[in-house]
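Student: Pasting a structure below so you can have a look.
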Amino acid sequence: SALRISLGLIFFGFGVLKFFPGLSPAEELVMQTVDILTFGVVTGDTARLLTALVECTIGVTLLTGRFLRLGLVVMSLAMVGIMAPIVLFFDDLFPGAPTLVGQYVLKDVVLLASGAVVAASALGARLVVDS
């Protein structure tokens, strides 16, 4: 479906950026978030690379449709980390008006909703139109 492929391109594209230090506008936020969520076990470049790998894996499963259910499970777990900055760093991201990184995080709400639609479809949900 177009939504699944579009979501796959977004995850894969943003994931690839994280493999290269300095390319992702969310790099510092990713490292800080993973550090907090793992209680300091995964930090710095390891956090960045792990996030890149997870996002690219999600992207590939969405793009190809292979291992889609596994990719959707990984995506649902990753969404906890992806949305966590809204709670963990709210004042930094939204000091009145949203910062650029805050806007970057806000787009993740759309990814979450899109992922829910793709997951529902993959699990057999069908669109019902009331007349």
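Just so we're on the same page: first chain in the structure tokens is A, next is B, and so on; residues restart at 1 for each chain, and ligands are numbered from 1 in the order they show up.
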Please provide as a list of chain:residue names all residues within 6 Å of range 9-13 of chain A, with the sequence filter that same-chain residues fewer than 4 positions apart are discarded (counting only C-alpha atoms).
Tutor: A:Glu55, A:Cys56, A:Gly59
Student: Could you write out that same residue set with N, CA and C atoms as a PDB file, in the first residue's frame?
Tutor:
```
ATOM      1  N   GLU A  55      15.722   1.840  12.907  1.00  0.00           N
ATOM      2  CA  GLU A  55      14.898   2.579  11.959  1.00  0.00           C
ATOM      3  C   GLU A  55      15.030   2.035  10.542  1.00  0.00           C
ATOM      4  N   CYS A  56      16.233   1.676  10.139  1.00  0.00           N
ATOM      5  CA  CYS A  56      16.422   1.103   8.797  1.00  0.00           C
ATOM      6  C   CYS A  56      15.755  -0.267   8.679  1.00  0.00           C
ATOM      7  N   GLY A  59      12.151   0.342   8.257  1.00  0.00           N
ATOM      8  CA  GLY A  59      11.949   0.834   6.903  1.00  0.00           C
ATOM      9  C   GLY A  59      11.968  -0.263   5.860  1.00  0.00           C
TER      10      GLY A  59
END
```
Student: Please tabulate, as CSV, the residues of range 60-106 of chain A that come within 8 Å of range 25-30 of chain A, each with its closest pair of atoms and the distance in Å to one decimal, counting only C-alpha atoms and ordering rows by chain, then residue number upward.
Tutor:
```
residue,atom,partner,partner_atom,distance
A:Pro85,CA,A:Leu29,CA,7.6
A:Val101,CA,A:Ala26,CA,6.4
A:Tyr104,CA,A:Ala26,CA,7.5
```
Student: Write the residues of the selection above to a file with C-alpha atoms, as a compact mmCIF listing (two decimals), in the first residue's frame.
Tutor:
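Final output, saved to selection22.txt:
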```
# COMPACT_ATOMS: atom_id res chain seq x y z
CA PRO A 85 11.35 13.24 24.10
CA VAL A 101 13.90 19.67 16.85
CA TYR A 104 10.89 17.13 14.11
```
Student: List every residue of range 7-115 of chain A that DSSP, applied to the backbone, labels as helix (DSSP H, G or I), and write the result as a count of residues only.
Tutor: 85
Student: Tell me which protein, DNA and RNA residues are within 9 Å of range 37-49 of chain A, counting only C-alpha atoms, leaving out same-chain ones fewer than 3 positions away, and put them as a ChimeraX atom specification.
Tutor: /A:15,18-21,27-28,30-34,52-54,81,84
Student: If we count only C-alpha atoms and set the cut-off at 8 Å, which residues sit around Val74 in chain A, ignoring sequence neighbours fewer than 4 positions away in its own chain? Please answer as a ChimeraX atom specification.
Tutor: /A:54,58,70,78
Student: Can you tell me, as a PyMOL selection string, what residues are no more than 10 Å from Asp108 in chain A when counting only C-alpha atoms, ignoring any on the same chain fewer than 5 positions away?
Tutor: chain A and resi 79+82-83+103+113-114
Student: So how many Å separate CA of Thr61 in chain A and CA of Ser24 in chain A, to one decimal?
Tutor: 21.6 Å
Student: Nearest to Thr57 in chain A among A:Leu123, A:Leu88, A:Val16, A:Leu106, with distances taken over only C-alpha atoms: which residue is it?
Tutor: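 Closest candidate: A:Val16.
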Student: I want to know what sits within 9 Å of range 63-68 of chain A, based on only C-alpha atoms, with residues of the same chain fewer than 6 positions away left out; could you give that as an MDAnalysis selection string?
Tutor: chainID A and resid 4:9 12 119 122
Student: What is the distance between CA of Met75 in chain A and CA of Gly22 in chain A, in Å to one decimal?
Tutor: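 Atom-to-atom, CA of Met75 in chain A and CA of Gly22 in chain A are spaced 23.9 Å apart.
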Student: In Å, how far is it from CA of Asp130 in chain A to CA of Leu72 in chain A?
Tutor: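 Here the two named atoms are 28.5 Å from each other.
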